[in-house]
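Colleague: Structure incoming, see below.
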Amino acid sequence: MIRDQAGRDIIDCLSCAGALPLGHHHPEITEVLVRFIQSGQLHQALDLTTPAKFEFVQKLFGLLPAEFASRARIQFCSPSGSDGIEAALKLVRFATRRHPVIAFHGAYHGMTAGALAAMGNLGPKSAPMRFDGVHFAPYPYRYRCPFGTDGSATDRLSIDYLRNLLSDPESGVPQPAAVVVEVVQGEGGCIPASDDWLRELRTLTRQHDIPLVLDEVQTGLGRTGSMFAFERAGIVPDVLVLSKALGGGFPLAAVVYDESLDVWPRGMHAGTFRGNQIAMVAGKATMDIVQRDRLDAQAEEIGGLLAQDLRQLASRHPEFGDIRGRGLMLGVEIVRPGDHPDAGAQDGGLAKAIKQAAFENGLLIETGGRHGAVLRFLPPLILTRRDVGAIVDRLDAAVMQAKQQHRAADARHAQ
């Protein structure tokens, strides 16, 4: 909960874009931080090894699948997911001596130049800058299949497209330095990739000796119902990019990668605040709590309840075209009912009105996806069953309010 100047309580279903997995002011995090600040230890330390850094790395590697952790190296970056992506792209390009990268439609990897190059959204790329070296492939977006099917064949067609792209000697795409992908697209509209699709992608990249970079900046540390989203598919990436929840609410980013890629010289990627000890202390404590309290399992359970209630709400609001996601990373695609027999046209205007009305009704959510038409839910992992009921009630009121406002606006335009 957060409270505004007027004393109004608002349910935070955004949790700082997923960076606050334990909500605001978790007492154990506060206690750990106060104790650390008063201890006299370094708060910033660049690349020096410190007790805080050692304990953080030990904890993180202990949470990773053993097959990955046993061969892993770690690079701390400037404290943002964008810089984590920059480091990952630099790493694979240096190791493979190749430049092209394959990314996906709808991807969001950050706002710095290299990360923007791999972004699907054209809005932030409208500036007169060069965004070369990235080739885009269709993401398995079943609700609006990019291949024009009903969605049942989307996964297979997506993989077949990539297979042809990589094997065709006249595809126009040289052998890539990496394939970079989100297990669940966040800003792209909470679109999850299936386990089968991820396994096929892992097989394909191995066959062609292409490093697989997983962007788990938003999905890491329990968000999707497992500690890391890729675990459910039983795959092992070559590179894993983490941020947001990793620092327990404080700025921190890291790249964890296979030792075979560790051929770049020292100093190839640097940044003053990569030694943010406060974030490491908060991050280690957050990982302890997520593991101890099984908040990954709670995210799956409570996320399932929230998705179920949202689907029940859809029976009253046909503007809810698709409800999707994983764990406590959910999206509702807002559509114009009746525009299409399967998926109505996206209604970004109504989604924006619902978001505003939700805030007025004490609920903080975000919008994303194509045309900004997806309502996004990223609540803290400590969400309870009771919270779910309050969220759905406030959302229901917000949808009713927004639809009435839209009808009134349409009537004015008609006059």
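Identifiers in this document derive from the order of the structure tokens: chains are assigned A, B, ..., residues are numbered from 1 separately in each chain, and ligands are numbered from 1 in order of occurrence.
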Identify, on the basis of only C-alpha atoms, every residue whose closest approach to region 124-131 of chain A does not exceed 8 Å; exclude the query and any residue fewer than 4 positions from it along the same chain; express the result as number ranges by chain.

Modeller: A: 111, 113-114, 116-117

Colleague: Find the nearest atom pair between each residue of region 10-116 of chain A and region 365-368 of chain A for residues within 12 Å, count only C-alpha atoms, give distances in Å to one decimal, sort rows by chain and ascending number, and present the table as a tab-separated table.

Modeller:
residue	atom	partner	partner_atom	distance
A:Ile10	CA	A:Ile365	CA	10.3
A:Ile11	CA	A:Ile365	CA	8.9
A:Asp12	CA	A:Ile365	CA	7.2
A:Cys13	CA	A:Ile365	CA	5.3
A:Leu14	CA	A:Ile365	CA	5.5
A:Ser15	CA	A:Ile365	CA	9.2
A:Cys16	CA	A:Ile365	CA	10.3
A:Ala17	CA	A:Glu366	CA	8.7
A:Gly18	CA	A:Glu366	CA	11.3
A:Gly106	CA	A:Gly368	CA	10.3
A:Ala107	CA	A:Gly368	CA	11.6
A:Tyr108	CA	A:Gly368	CA	10.6

Colleague: Between A:Arg202, A:Arg144, A:Lys284, A:His24, which one has atoms that come closest to Ala52 (chain A), using only C-alpha atoms?

Modeller: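 The answer is A:Lys284, which sits nearest to Ala52 (chain A).
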
Colleague: Using only C-alpha atoms, determine which residues lie at most 8 Å from region 175-191 of chain A, disregarding the query and same-chain residues fewer than 6 positions distant; provide the list as a ChimeraX atom specification.

Modeller: /A:89,92-93,96-104,106-108,121,141,166,198,205,210-216,218-219,229-230,324-326,329-331,333,368-370,374,376

Colleague: Only C-alpha atoms, please: the residues just picked out, written as a CSV table (one decimal), in the first residue's frame.

Modeller:
chain,number,residue,atom,x,y,z
A,89,LEU,CA,25.8,-7.7,-26.1
A,92,VAL,CA,28.9,-12.1,-26.8
A,93,ARG,CA,30.2,-10.0,-29.7
A,96,THR,CA,32.1,-14.8,-31.0
A,97,ARG,CA,33.8,-12.1,-33.1
A,98,ARG,CA,30.4,-11.7,-34.7
A,99,HIS,CA,28.2,-8.6,-34.7
A,100,PRO,CA,24.6,-9.4,-35.7
A,101,VAL,CA,22.0,-10.1,-33.0
A,102,ILE,CA,18.6,-11.6,-33.4
A,103,ALA,CA,15.8,-10.1,-31.2
A,104,PHE,CA,12.0,-10.3,-31.3
A,106,GLY,CA,7.6,-6.7,-29.0
A,107,ALA,CA,10.9,-6.9,-27.2
A,108,TYR,CA,11.9,-4.4,-24.6
A,121,ASN,CA,8.7,-0.7,-30.0
A,141,TYR,CA,2.2,-14.0,-29.6
A,166,LEU,CA,19.6,-19.4,-39.6
A,198,LEU,CA,11.9,-22.1,-25.2
A,205,THR,CA,20.8,-21.9,-30.9
A,210,ILE,CA,24.8,-19.1,-31.1
A,211,PRO,CA,24.8,-17.8,-27.5
A,212,LEU,CA,21.4,-17.5,-26.0
A,213,VAL,CA,20.9,-14.3,-23.9
A,214,LEU,CA,17.9,-14.3,-21.6
A,215,ASP,CA,16.7,-11.0,-20.4
A,216,GLU,CA,15.2,-11.6,-16.9
A,218,GLN,CA,11.8,-8.1,-14.9
A,219,THR,CA,11.1,-11.8,-14.4
A,229,ALA,CA,11.5,-17.8,-15.4
A,230,PHE,CA,13.7,-20.0,-17.6
A,324,ARG,CA,-2.3,-13.7,-19.9
A,325,GLY,CA,1.1,-13.8,-18.2
A,326,ARG,CA,2.7,-16.0,-15.6
A,329,MET,CA,3.2,-10.7,-14.1
A,330,LEU,CA,-0.2,-10.5,-15.7
A,331,GLY,CA,-1.7,-8.5,-18.6
A,333,GLU,CA,-5.4,-6.7,-23.5
A,368,GLY,CA,2.0,-1.5,-22.2
A,369,GLY,CA,1.9,-3.6,-25.3
A,370,ARG,CA,0.9,-2.6,-28.8
A,374,VAL,CA,-2.5,-3.9,-22.2
A,376,ARG,CA,-0.2,-4.6,-16.7

Colleague: Mind giving me the straight-line distance from CA of Ala343 (chain A) to CA of Gly120 (chain A) in Å, one decimal?

Modeller: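 Computed distance, CA of Ala343 (chain A) to CA of Gly120 (chain A), equals 21.0 Å.
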
Colleague: Tell me which of A:Leu64, A:Pro174, A:Arg394, A:Leu313 sits closest to Pro237 (chain A), counting only C-alpha atoms.

Modeller: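 Checking each of A:Leu64, A:Pro174, A:Arg394, A:Leu313 against Pro237 (chain A), counting only C-alpha atoms, the winner is A:Leu64.
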
Colleague: So how many Å separate CA of Met119 (chain A) and CA of His135 (chain A), to one decimal?

Modeller: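 For CA of Met119 (chain A) relative to CA of His135 (chain A), the distance reads 10.4 Å.
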
Colleague: Return as number ranges by chain the full set of residues in region 197-336 of chain A whose backbone-based DSSP assignment is alpha helix (DSSP H).

Modeller: A: 197-207, 277-292, 295-314

Colleague: Can you pull out the residues contacting Pro146 (chain A)? Cut-off 12 Å, using only C-alpha atoms, and skip same-chain residues under 6 positions away; I want them as a VMD selection string.

Modeller: chain A and resid 104 to 106 137 to 140 152 to 158 161

Colleague: Using only C-alpha atoms, can you tell me which of A:Ala6, A:Leu91, A:Ala45, A:Ile334 comes closest to Ile278 (chain A)?

Modeller: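 Ranked by minimum distance to Ile278 (chain A), first place goes to A:Ala45.
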
Colleague: Nearest residue to Ala314 (chain A) out of A:Leu22, A:Val290, A:Ile37, A:Val399, using only C-alpha atoms?

Modeller: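 Ranking A:Leu22, A:Val290, A:Ile37, A:Val399 by distance to Ala314 (chain A), first place goes to A:Val399.
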
Colleague: Name the residues of region 13-256 of chain A that come out as strand (DSSP E) in a backbone DSSP run; write them as a PDB file with C-alpha atoms, in the first residue's frame.

Modeller:
ATOM      1  CA  ALA A  72      29.029 -19.293 -14.383  1.00  0.00           C
ATOM      2  CA  ARG A  73      30.887 -16.019 -14.143  1.00  0.00           C
ATOM      3  CA  ILE A  74      29.386 -12.699 -13.055  1.00  0.00           C
ATOM      4  CA  GLN A  75      29.814  -9.126 -14.290  1.00  0.00           C
ATOM      5  CA  PHE A  76      28.397  -6.270 -12.230  1.00  0.00           C
ATOM      6  CA  VAL A 101      22.000 -10.071 -33.011  1.00  0.00           C
ATOM      7  CA  ILE A 102      18.552 -11.594 -33.353  1.00  0.00           C
ATOM      8  CA  ALA A 103      15.812 -10.066 -31.173  1.00  0.00           C
ATOM      9  CA  PHE A 104      12.026 -10.320 -31.300  1.00  0.00           C
ATOM     10  CA  VAL A 134      19.836  -6.360 -35.038  1.00  0.00           C
ATOM     11  CA  HIS A 135      17.436  -8.585 -36.989  1.00  0.00           C
ATOM     12  CA  PHE A 136      13.931  -9.157 -35.655  1.00  0.00           C
ATOM     13  CA  ALA A 137      11.948 -12.382 -35.623  1.00  0.00           C
ATOM     14  CA  ALA A 178      23.506 -13.958 -30.002  1.00  0.00           C
ATOM     15  CA  VAL A 179      19.781 -14.436 -29.780  1.00  0.00           C
ATOM     16  CA  VAL A 180      18.375 -12.187 -27.034  1.00  0.00           C
ATOM     17  CA  VAL A 181      14.891 -12.862 -25.678  1.00  0.00           C
ATOM     18  CA  VAL A 184       7.858 -13.281 -20.681  1.00  0.00           C
ATOM     19  CA  GLN A 185       7.719 -10.047 -22.638  1.00  0.00           C
ATOM     20  CA  ILE A 191       3.266 -12.235 -23.403  1.00  0.00           C
ATOM     21  CA  PRO A 192       4.735 -15.516 -22.118  1.00  0.00           C
ATOM     22  CA  LEU A 212      21.358 -17.509 -25.985  1.00  0.00           C
ATOM     23  CA  VAL A 213      20.902 -14.349 -23.909  1.00  0.00           C
ATOM     24  CA  LEU A 214      17.908 -14.350 -21.558  1.00  0.00           C
ATOM     25  CA  ASP A 215      16.679 -10.964 -20.369  1.00  0.00           C
ATOM     26  CA  VAL A 239      23.908 -15.406 -20.595  1.00  0.00           C
ATOM     27  CA  LEU A 240      21.401 -14.237 -17.980  1.00  0.00           C
ATOM     28  CA  VAL A 241      20.742 -10.533 -17.417  1.00  0.00           C
ATOM     29  CA  LEU A 242      19.315  -9.519 -14.024  1.00  0.00           C
ATOM     30  CA  ALA A 254      24.474  -8.061 -13.193  1.00  0.00           C
ATOM     31  CA  VAL A 255      25.213 -10.398 -16.081  1.00  0.00           C
ATOM     32  CA  VAL A 256      25.743 -14.069 -15.274  1.00  0.00           C
TER      33      VAL A 256
END

Colleague: Using only C-alpha atoms, determine which residues lie at most 8 Å from Leu305 (chain A), disregarding the query and same-chain residues fewer than 3 positions distant; provide the list as a PDB file with C-alpha atoms, in the first residue's frame.

Modeller:
ATOM      1  CA  GLU A 301      -0.639 -19.453  -6.478  1.00  0.00           C
ATOM      2  CA  ILE A 302      -1.825 -15.880  -5.940  1.00  0.00           C
ATOM      3  CA  GLN A 308      -8.947 -16.418 -12.501  1.00  0.00           C
ATOM      4  CA  ASP A 309     -10.749 -13.414 -11.031  1.00  0.00           C
ATOM      5  CA  ARG A 385      -5.868 -13.623  -1.333  1.00  0.00           C
ATOM      6  CA  VAL A 388      -6.677  -9.974  -4.847  1.00  0.00           C
TER       7      VAL A 388
END
